[in-house]
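So this one's structure31.csv, CSV, C-alpha atoms and all ligand atoms:
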```csv
chain,number,residue,atom,x,y,z
L,1,MET,CA,-0.2,19.4,-15.6
L,2,GLU,CA,1.2,17.6,-12.5
L,3,ALA,CA,2.4,14.1,-13.2
L,4,PRO,CA,0.4,11.4,-11.3
L,5,ALA,CA,1.8,10.0,-8.1
L,6,VAL,CA,1.8,6.5,-9.7
L,7,ARG,CA,1.6,5.4,-13.3
L,8,LEU,CA,2.0,1.7,-14.0
L,9,SER,CA,1.5,0.8,-17.7
L,10,GLY,CA,1.3,-2.7,-19.1
L,11,ILE,CA,3.0,-4.3,-16.1
L,12,THR,CA,3.4,-8.1,-16.3
L,13,ARG,CA,5.5,-10.2,-13.9
L,14,ARG,CA,5.8,-14.0,-13.9
L,15,PHE,CA,7.4,-16.2,-11.4
L,16,GLY,CA,7.9,-19.5,-13.3
L,17,ALA,CA,4.4,-20.6,-14.3
L,18,VAL,CA,2.7,-18.1,-12.0
L,19,ARG,CA,1.6,-14.9,-13.6
L,20,ALA,CA,1.7,-12.7,-10.5
L,21,VAL,CA,0.8,-9.5,-12.3
L,22,ASP,CA,-0.9,-9.6,-15.6
L,23,ASP,CA,-0.9,-6.6,-18.0
L,24,LEU,CA,-1.8,-4.1,-15.2
L,25,ASP,CA,-2.4,-0.4,-15.8
L,26,LEU,CA,-2.8,1.7,-12.8
L,27,THR,CA,-2.7,5.5,-12.4
L,28,ILE,CA,-3.0,7.2,-9.0
L,29,GLU,CA,-3.4,11.0,-8.9
L,30,THR,CA,-1.7,13.0,-6.2
L,31,GLY,CA,-3.7,13.4,-3.0
L,32,ALA,CA,-5.7,10.1,-3.5
L,33,VAL,CA,-6.0,7.5,-0.7
L,34,VAL,CA,-6.2,4.2,-2.5
L,35,ALA,CA,-6.7,0.7,-1.1
L,36,LEU,CA,-5.4,-2.3,-3.0
L,37,LEU,CA,-7.4,-5.3,-2.2
L,38,GLY,CA,-7.3,-8.9,-3.4
L,39,PRO,CA,-7.3,-12.5,-2.2
L,40,ASN,CA,-4.1,-14.2,-1.1
L,41,GLY,CA,-1.7,-14.5,-4.1
L,42,ALA,CA,-3.7,-11.9,-6.1
L,43,GLY,CA,-0.5,-9.9,-6.8
L,44,LYS,CA,-0.7,-7.0,-4.4
L,45,SER,CA,2.8,-7.3,-2.9
L,46,THR,CA,4.3,-8.0,-6.3
L,47,THR,CA,2.6,-4.9,-7.7
L,48,ILE,CA,3.9,-2.8,-4.7
L,49,SER,CA,7.4,-4.2,-5.1
L,50,ILE,CA,7.4,-3.3,-8.8
L,51,MET,CA,6.0,0.1,-8.1
L,52,LEU,CA,8.9,0.8,-5.7
L,53,GLY,CA,11.5,-0.5,-8.1
L,54,LEU,CA,12.3,-3.4,-5.8
L,55,VAL,CA,11.3,-6.0,-8.4
L,56,PRO,CA,11.7,-5.4,-12.1
L,57,PRO,CA,8.6,-5.9,-14.2
L,58,GLY,CA,8.8,-8.5,-17.0
L,59,THR,CA,7.1,-6.0,-19.2
L,60,GLY,CA,5.7,-2.5,-18.8
L,61,THR,CA,6.8,0.8,-17.3
L,62,VAL,CA,6.7,2.5,-13.9
L,63,ALA,CA,6.7,6.2,-13.2
L,64,LEU,CA,6.3,7.9,-9.8
L,65,PHE,CA,5.7,11.6,-10.0
L,66,GLY,CA,6.8,11.3,-13.6
L,67,GLU,CA,10.2,9.9,-12.8
L,68,PRO,CA,11.8,6.4,-12.4
L,69,ALA,CA,10.8,4.7,-9.1
L,70,ALA,CA,14.4,4.6,-7.9
L,71,ASP,CA,14.9,8.3,-8.4
L,72,ALA,CA,11.6,9.1,-6.6
L,73,VAL,CA,12.5,6.8,-3.7
L,74,ARG,CA,16.1,8.2,-3.4
L,75,ALA,CA,14.8,11.8,-3.4
L,76,GLY,CA,12.4,11.0,-0.5
L,77,ARG,CA,9.3,11.6,-2.5
L,78,VAL,CA,8.2,8.0,-1.9
L,79,ALA,CA,8.5,5.8,1.2
L,80,ALA,CA,7.1,2.5,2.1
L,81,MET,CA,6.1,0.3,4.9
L,82,LEU,CA,6.7,-3.3,3.8
L,83,GLN,CA,5.8,-6.5,5.5
L,84,ASP,CA,9.3,-8.0,5.6
L,85,ALA,CA,11.4,-4.8,6.1
L,86,GLY,CA,14.1,-5.5,8.7
L,87,PHE,CA,16.1,-3.1,10.9
L,88,VAL,CA,19.7,-3.1,12.1
L,89,PRO,CA,19.7,-5.4,15.2
L,90,GLY,CA,20.8,-3.5,18.3
L,91,ALA,CA,19.6,-0.1,17.1
L,92,THR,CA,16.9,1.6,19.1
L,93,VAL,CA,13.7,2.9,17.5
L,94,ARG,CA,15.1,6.4,17.9
L,95,ASP,CA,18.3,5.4,16.1
L,96,VAL,CA,16.3,4.0,13.2
L,97,VAL,CA,14.3,7.2,12.9
L,98,GLU,CA,17.5,9.3,13.0
L,99,LEU,CA,19.0,7.1,10.4
L,100,ALA,CA,16.0,7.5,8.2
L,101,ARG,CA,16.0,11.3,8.7
L,102,ALA,CA,19.6,11.5,7.7
L,103,LEU,CA,18.8,10.0,4.3
L,104,TYR,CA,16.4,12.7,3.2
L,105,PRO,CA,16.7,16.4,2.4
L,106,ARG,CA,13.7,17.6,4.3
L,107,PRO,CA,12.9,15.2,7.1
L,108,LEU,CA,10.2,15.7,9.7
L,109,GLY,CA,11.3,16.5,13.3
L,110,THR,CA,12.2,13.4,15.4
L,111,ASP,CA,9.6,14.1,18.1
L,112,ARG,CA,6.8,14.6,15.5
L,113,ILE,CA,7.7,11.3,13.8
L,114,LEU,CA,7.8,9.4,17.1
L,115,ALA,CA,4.5,10.8,18.2
L,116,THR,CA,2.7,10.4,14.9
L,117,ALA,CA,3.8,6.8,14.6
L,118,GLY,CA,2.9,6.1,18.3
L,119,VAL,CA,6.4,4.9,19.2
L,120,THR,CA,7.4,7.7,21.7
L,121,ASP,CA,6.9,5.3,24.7
L,122,PHE,CA,9.4,2.8,23.4
L,123,ALA,CA,11.7,5.0,21.4
L,124,ASN,CA,14.7,3.9,23.4
L,125,ARG,CA,14.0,0.2,23.1
L,126,ARG,CA,16.0,-2.0,20.7
L,127,VAL,CA,14.2,-2.8,17.5
L,128,ASP,CA,15.0,-6.5,17.8
L,129,ARG,CA,13.1,-6.5,21.2
L,130,LEU,CA,9.8,-5.1,19.9
L,131,SER,CA,6.6,-7.0,19.6
L,132,ALA,CA,5.1,-7.6,16.2
L,133,GLY,CA,2.7,-4.6,16.5
L,134,GLU,CA,5.4,-2.3,17.9
L,135,THR,CA,7.6,-3.3,14.9
L,136,GLN,CA,4.9,-2.3,12.5
L,137,ARG,CA,4.7,1.1,14.2
L,138,ALA,CA,8.5,1.5,14.1
L,139,ARG,CA,8.3,0.7,10.3
L,140,PHE,CA,5.7,3.5,10.1
L,141,ALA,CA,8.0,5.9,11.8
L,142,PHE,CA,10.8,5.0,9.4
L,143,ALA,CA,8.5,5.5,6.4
L,144,LEU,CA,7.3,8.9,7.7
L,145,ALA,CA,10.8,10.3,8.4
L,146,GLY,CA,11.5,11.9,5.0
L,147,ASP,CA,8.0,13.5,4.8
L,148,PRO,CA,7.3,11.6,1.6
L,149,ARG,CA,4.6,12.8,-0.9
L,150,LEU,CA,3.6,9.2,-1.5
L,151,LEU,CA,3.3,6.5,1.3
L,152,VAL,CA,3.0,2.9,0.2
L,153,LEU,CA,1.8,0.6,2.9
L,154,ASP,CA,1.7,-3.2,2.5
L,155,GLU,CA,-0.7,-4.6,5.1
L,156,PRO,CA,0.3,-1.9,7.5
L,157,THR,CA,-1.9,-2.8,10.5
L,158,THR,CA,-1.0,-6.5,10.7
L,159,ALA,CA,-0.4,-7.3,14.3
L,160,MET,CA,-1.4,-3.9,15.6
L,161,ASP,CA,-3.8,-3.8,18.6
L,162,VAL,CA,-7.1,-1.9,18.4
L,163,ALA,CA,-5.7,1.3,19.9
L,164,ALA,CA,-2.6,1.2,17.7
L,165,ARG,CA,-4.8,0.7,14.6
L,166,GLN,CA,-6.9,3.7,15.5
L,167,GLN,CA,-3.9,5.9,16.1
L,168,PHE,CA,-2.4,4.6,12.8
L,169,TRP,CA,-5.5,5.5,10.7
L,170,THR,CA,-5.9,8.8,12.4
L,171,ALA,CA,-2.3,9.6,11.4
L,172,ILE,CA,-2.9,8.5,7.9
L,173,ARG,CA,-6.1,10.5,7.5
L,174,ALA,CA,-4.2,13.6,8.8
L,175,TYR,CA,-1.4,12.9,6.4
L,176,ALA,CA,-3.7,12.6,3.5
L,177,ALA,CA,-5.6,15.7,4.5
L,178,ASP,CA,-2.4,17.6,3.9
L,179,GLY,CA,-2.5,16.6,0.2
L,180,HIS,CA,-0.2,13.5,0.4
L,181,THR,CA,-0.9,10.4,-1.5
L,182,VAL,CA,-1.4,7.0,0.2
L,183,LEU,CA,-1.6,3.5,-1.3
L,184,PHE,CA,-2.2,0.7,1.1
L,185,SER,CA,-3.0,-3.0,0.8
L,186,THR,CA,-5.1,-4.8,3.4
L,187,HIS,CA,-7.2,-7.8,4.1
L,188,GLN,CA,-9.2,-5.8,6.7
L,189,LEU,CA,-11.8,-4.6,4.2
L,190,HIS,CA,-13.5,-2.2,6.7
L,191,GLU,CA,-10.2,-0.3,6.7
L,192,ALA,CA,-10.5,0.3,3.0
L,193,ASP,CA,-14.2,1.2,3.4
L,194,ASP,CA,-13.4,3.7,6.2
L,195,VAL,CA,-10.2,5.3,4.9
L,196,ALA,CA,-9.9,5.0,1.1
L,197,ASP,CA,-11.6,7.2,-1.4
L,198,ARG,CA,-10.8,4.7,-4.1
L,199,ILE,CA,-10.5,0.9,-4.0
L,200,VAL,CA,-8.7,-1.2,-6.5
L,201,VAL,CA,-9.5,-4.9,-6.4
L,202,LEU,CA,-7.0,-7.4,-7.8
L,203,ALA,CA,-7.6,-11.0,-8.7
L,204,ALA,CA,-5.0,-13.3,-10.4
L,205,GLY,CA,-2.8,-10.3,-11.2
L,206,ARG,CA,-5.5,-8.3,-12.9
L,207,ILE,CA,-7.7,-5.4,-11.8
L,208,VAL,CA,-11.3,-6.6,-11.5
L,209,ALA,CA,-12.8,-3.5,-10.0
L,210,ASP,CA,-11.7,0.1,-9.4
L,211,GLY,CA,-13.7,3.0,-7.9
L,212,PRO,CA,-15.0,4.6,-4.7
L,213,PRO,CA,-16.4,2.1,-2.2
L,214,ALA,CA,-20.0,2.8,-3.2
L,215,ARG,CA,-19.2,2.0,-6.8
L,216,ILE,CA,-17.4,-1.2,-5.8
L,217,ARG,CA,-20.6,-2.3,-4.2
L,218,ALA,CA,-22.7,-1.3,-7.2
L,219,MET,CA,-20.4,-3.2,-9.5
L,220,ALA,CA,-20.6,-6.3,-7.4
L,221,GLY,CA,-24.4,-6.0,-7.4
L,222,VAL,CA,-24.7,-5.7,-3.7
L,223,GLY,CA,-26.7,-3.1,-1.7
L,224,THR,CA,-25.3,0.1,-0.5
L,225,SER,CA,-25.4,-1.0,3.1
L,226,ALA,CA,-23.8,-4.4,2.3
L,227,ARG,CA,-20.5,-5.2,3.9
L,228,LEU,CA,-17.6,-4.6,1.6
L,229,ASP,CA,-16.6,-8.3,2.2
L,230,THR,CA,-19.7,-9.4,0.4
L,231,ALA,CA,-18.9,-7.2,-2.6
L,232,PHE,CA,-15.3,-8.4,-2.5
L,233,LEU,CA,-16.3,-12.0,-2.6
L,234,ALA,CA,-18.7,-11.4,-5.5
L,235,LEU,CA,-15.9,-9.7,-7.5
L,236,THR,CA,-13.1,-12.1,-6.8
L,237,THR,CA,-14.9,-15.4,-6.9
L,238,ASP,CA,-15.5,-16.8,-10.4
L,239,GLY,CA,-19.2,-17.2,-11.2
L,240,PRO,CA,-20.5,-20.2,-13.2
L,241,ASP,CA,-20.4,-18.3,-16.5
L,242,THR,CA,-16.9,-16.9,-16.4
L,243,ASP,CA,-13.5,-18.2,-17.3
L,244,GLY,CA,-11.9,-15.9,-14.8
L,245,PRO,CA,-12.3,-12.5,-13.2
L,246,ASP,CA,-13.8,-10.0,-15.6
L,247,THR,CA,-12.1,-6.6,-15.9
L,248,LYS,CA,-14.7,-4.1,-14.4
L,249,THR,CA,-12.6,-1.0,-14.3
L,250,ILE,CA,-14.7,2.1,-14.0
L,251,GLU,CA,-14.1,5.7,-14.1
L,252,THR,CA,-13.1,7.3,-10.8
L,253,GLU,CA,-13.7,10.8,-9.6
L,254,HIS,CA,-10.0,11.6,-9.3
Z,1,LIG,N1,9.6,-14.4,-5.4
Z,1,LIG,C1,8.6,-15.2,-5.8
Z,1,LIG,N2,8.9,-16.4,-6.3
Z,1,LIG,C2,7.9,-17.2,-6.8
Z,1,LIG,N3,6.6,-16.9,-6.8
Z,1,LIG,C3,6.3,-15.7,-6.2
Z,1,LIG,C4,7.3,-14.8,-5.7
Z,1,LIG,N4,6.6,-13.7,-5.3
Z,1,LIG,C5,5.3,-13.9,-5.4
Z,1,LIG,N5,5.1,-15.1,-6.0
Z,1,LIG,C6,3.8,-15.6,-6.4
Z,1,LIG,O1,3.1,-14.6,-7.1
Z,1,LIG,C7,1.7,-14.6,-6.7
Z,1,LIG,C8,1.4,-13.2,-6.2
Z,1,LIG,O2,2.0,-13.1,-4.9
Z,1,LIG,P1,1.9,-11.7,-4.1
Z,1,LIG,O3,2.7,-11.9,-2.9
Z,1,LIG,O4,2.1,-10.6,-5.0
Z,1,LIG,O5,0.3,-11.8,-3.7
Z,1,LIG,P2,-0.5,-10.9,-2.6
Z,1,LIG,O6,-1.7,-10.5,-3.3
Z,1,LIG,O7,0.4,-9.9,-2.0
Z,1,LIG,O8,-0.8,-12.1,-1.5
Z,1,LIG,P3,-1.1,-12.1,0.1
Z,1,LIG,O9,-2.4,-11.4,0.3
Z,1,LIG,O10,-1.1,-13.5,0.4
Z,1,LIG,O11,0.0,-11.3,0.7
Z,1,LIG,C9,1.6,-15.7,-5.7
Z,1,LIG,O12,1.1,-16.9,-6.4
Z,1,LIG,C10,3.0,-16.0,-5.2
Z,1,LIG,O13,3.1,-17.3,-4.8
```
Written as structure tokens, how would this file's structure read?
Amino acid sequence: MEAPAVRLSGITRRFGAVRAVDDLDLTIETGAVVALLGPNGAGKSTTISIMLGLVPPGTGTVALFGEPAADAVRAGRVAAMLQDAGFVPGATVRDVVELARALYPRPLGTDRILATAGVTDFANRRVDRLSAGETQRARFAFALAGDPRLLVLDEPTTAMDVAARQQFWTAIRAYAADGHTVLFSTHQLHEADDVADRIVVLAAGRIVADGPPARIRAMAGVGTSARLDTAFLALTTDGPDTDGPDTKTIETEH
């Protein structure tokens, strides 16, 4: 049987007194499109950093496609679009894409990368002269270069304008339709509703709900036509009879 794209087992990570990730188990099968949601400080970025081998977990294990994260990243099976990723100042977008292509054994063609990420029009512009939304698109181009099987996206559409967002999600849908795996975090819950086939909700470092969008609503006790925001608030805000977020993990169809 094929190893899952992601398997996090018993992950805990503290920063001083803060338990950023608290005994987290998460398995993502290949081909899934998963949204990671949670309030500010819920542990999304820390979970993603641990998943990519950028931050060591205090306890627990990480496997990507059945191998250590560093090996999967080095082999180009996994790529990420991170909020604070910087580029070499003075390089152009095209230079950055060519640099990324040179790192991997089976890169996509340059023109395809530029077009998919929506950066063709400013491919010859220096990366340190891009707007915030253009920088996000350049990060997307960089992540696509090695044709990774798993794309990890931390708040990818931050600062993108409406047209750029639409182009971005169209590209992600096409990428997923080819059997690739996508994990993204976002505060734009409609993006999760529109694009993800599974939503994982984190609160205080723990998974409080996990399932397709319809089941997230059902678990939150809101109607099928309710906004996902309503379900999210119900799941991540402590009720009067709880000490903290309950774990409401449910079976998914993957
Ligand atoms: N390097 C660090 N040093 C100290 N505390 C940290 C560090 N990184 C994260 N934290 C803390 O861990 C908790 C989880 O942070 P994290 O960035 O993972 O949350 P998040 O869900 O991504 O939040 P946001 O939606 O605001 O981006 C927060 O309380 C944060 O302050």
Exercise for review: Kindly compile the residues surrounding ligand LIG 1 (chain Z) within 7 Å, counting only C-alpha atoms and all ligand atoms, and format them as a ChimeraX atom specification.
Suggested key: /L:15-16,18-20,38-47
Residues of region 8-104 of chain L that approach region 144-152 of chain L to 7 Å or less, counting only C-alpha atoms: could you list each one with the shortest pair of atoms and its distance in Å to one decimal, rows by chain and increasing residue number, as a Markdown table?
```
| residue | atom | partner | partner_atom | distance |
| --- | --- | --- | --- | --- |
| L:Gly76 | CA | L:Pro148 | CA | 5.5 |
| L:Arg77 | CA | L:Pro148 | CA | 4.6 |
| L:Val78 | CA | L:Leu150 | CA | 4.8 |
| L:Ala79 | CA | L:Leu151 | CA | 5.2 |
| L:Ala80 | CA | L:Val152 | CA | 4.5 |
| L:Met81 | CA | L:Val152 | CA | 6.2 |
| L:Val97 | CA | L:Ala145 | CA | 6.5 |
| L:Ala100 | CA | L:Ala145 | CA | 5.9 |
| L:Arg101 | CA | L:Ala145 | CA | 5.3 |
| L:Tyr104 | CA | L:Gly146 | CA | 5.3 |
```
Output of the above residues as a short mmCIF file (atom, residue, chain, number, x, y, z; two decimals), in the frame of the given file, restricted to C-alpha atoms:
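Dumped to again.cif:
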```
data_model
loop_
_atom_site.label_atom_id
_atom_site.label_comp_id
_atom_site.auth_asym_id
_atom_site.auth_seq_id
_atom_site.Cartn_x
_atom_site.Cartn_y
_atom_site.Cartn_z
CA GLY L 76 12.40 11.00 -0.50
CA ARG L 77 9.30 11.60 -2.50
CA VAL L 78 8.20 8.00 -1.90
CA ALA L 79 8.50 5.80 1.20
CA ALA L 80 7.10 2.50 2.10
CA MET L 81 6.10 0.30 4.90
CA VAL L 97 14.30 7.20 12.90
CA ALA L 100 16.00 7.50 8.20
CA ARG L 101 16.00 11.30 8.70
CA TYR L 104 16.40 12.70 3.20
#
```
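You will find CA of Ala220 (chain L) at 20.5 Å from CA of Leu24 (chain L).
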Review point. At most 10 Å from (-15.7, -6.2, 0.4), file frame, all atoms listed in the file: which residues, as JSON, numbers by chain?
Key: {"L": [37, 38, 187, 188, 189, 190, 192, 193, 199, 201, 213, 216, 217, 220, 222, 226, 227, 228, 229, 230, 231, 232, 233, 234, 235, 236]}
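Atom pair CA of Val162 (chain L) / CA of Gly31 (chain L) has a distance of 26.5 Å (rounded to one decimal).
The spacing separating CA of Thr110 (chain L) from CA of Leu52 (chain L) amounts to 24.8 Å.
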Point to revise | Nearest candidate to Asp95 (chain L) (options L:Phe65, L:Phe184, L:Phe122, L:Tyr175; using all atoms listed in the file) | key: L:Phe122
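Polymer residues near (4.2, 6.2, -9.2): counting only C-alpha atoms with a cut-off of 8 Å, they are Pro4, Ala5, Val6, Arg7, Leu8, Thr27, Ile28, Met51, Leu52, Val62, Ala63, Leu64, Phe65, Gly66, Glu67 and Ala69 of chain L.
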Would you mind exporting the chosen residues as a PDB file, keeping the file's coordinate frame, restricted to C-alpha atoms?
```
ATOM      1  CA  PRO L   4       0.400  11.400 -11.300  1.00  0.00           C
ATOM      2  CA  ALA L   5       1.800  10.000  -8.100  1.00  0.00           C
ATOM      3  CA  VAL L   6       1.800   6.500  -9.700  1.00  0.00           C
ATOM      4  CA  ARG L   7       1.600   5.400 -13.300  1.00  0.00           C
ATOM      5  CA  LEU L   8       2.000   1.700 -14.000  1.00  0.00           C
ATOM      6  CA  THR L  27      -2.700   5.500 -12.400  1.00  0.00           C
ATOM      7  CA  ILE L  28      -3.000   7.200  -9.000  1.00  0.00           C
ATOM      8  CA  MET L  51       6.000   0.100  -8.100  1.00  0.00           C
ATOM      9  CA  LEU L  52       8.900   0.800  -5.700  1.00  0.00           C
ATOM     10  CA  VAL L  62       6.700   2.500 -13.900  1.00  0.00           C
ATOM     11  CA  ALA L  63       6.700   6.200 -13.200  1.00  0.00           C
ATOM     12  CA  LEU L  64       6.300   7.900  -9.800  1.00  0.00           C
ATOM     13  CA  PHE L  65       5.700  11.600 -10.000  1.00  0.00           C
ATOM     14  CA  GLY L  66       6.800  11.300 -13.600  1.00  0.00           C
ATOM     15  CA  GLU L  67      10.200   9.900 -12.800  1.00  0.00           C
ATOM     16  CA  ALA L  69      10.800   4.700  -9.100  1.00  0.00           C
TER      17      ALA L  69
END
```
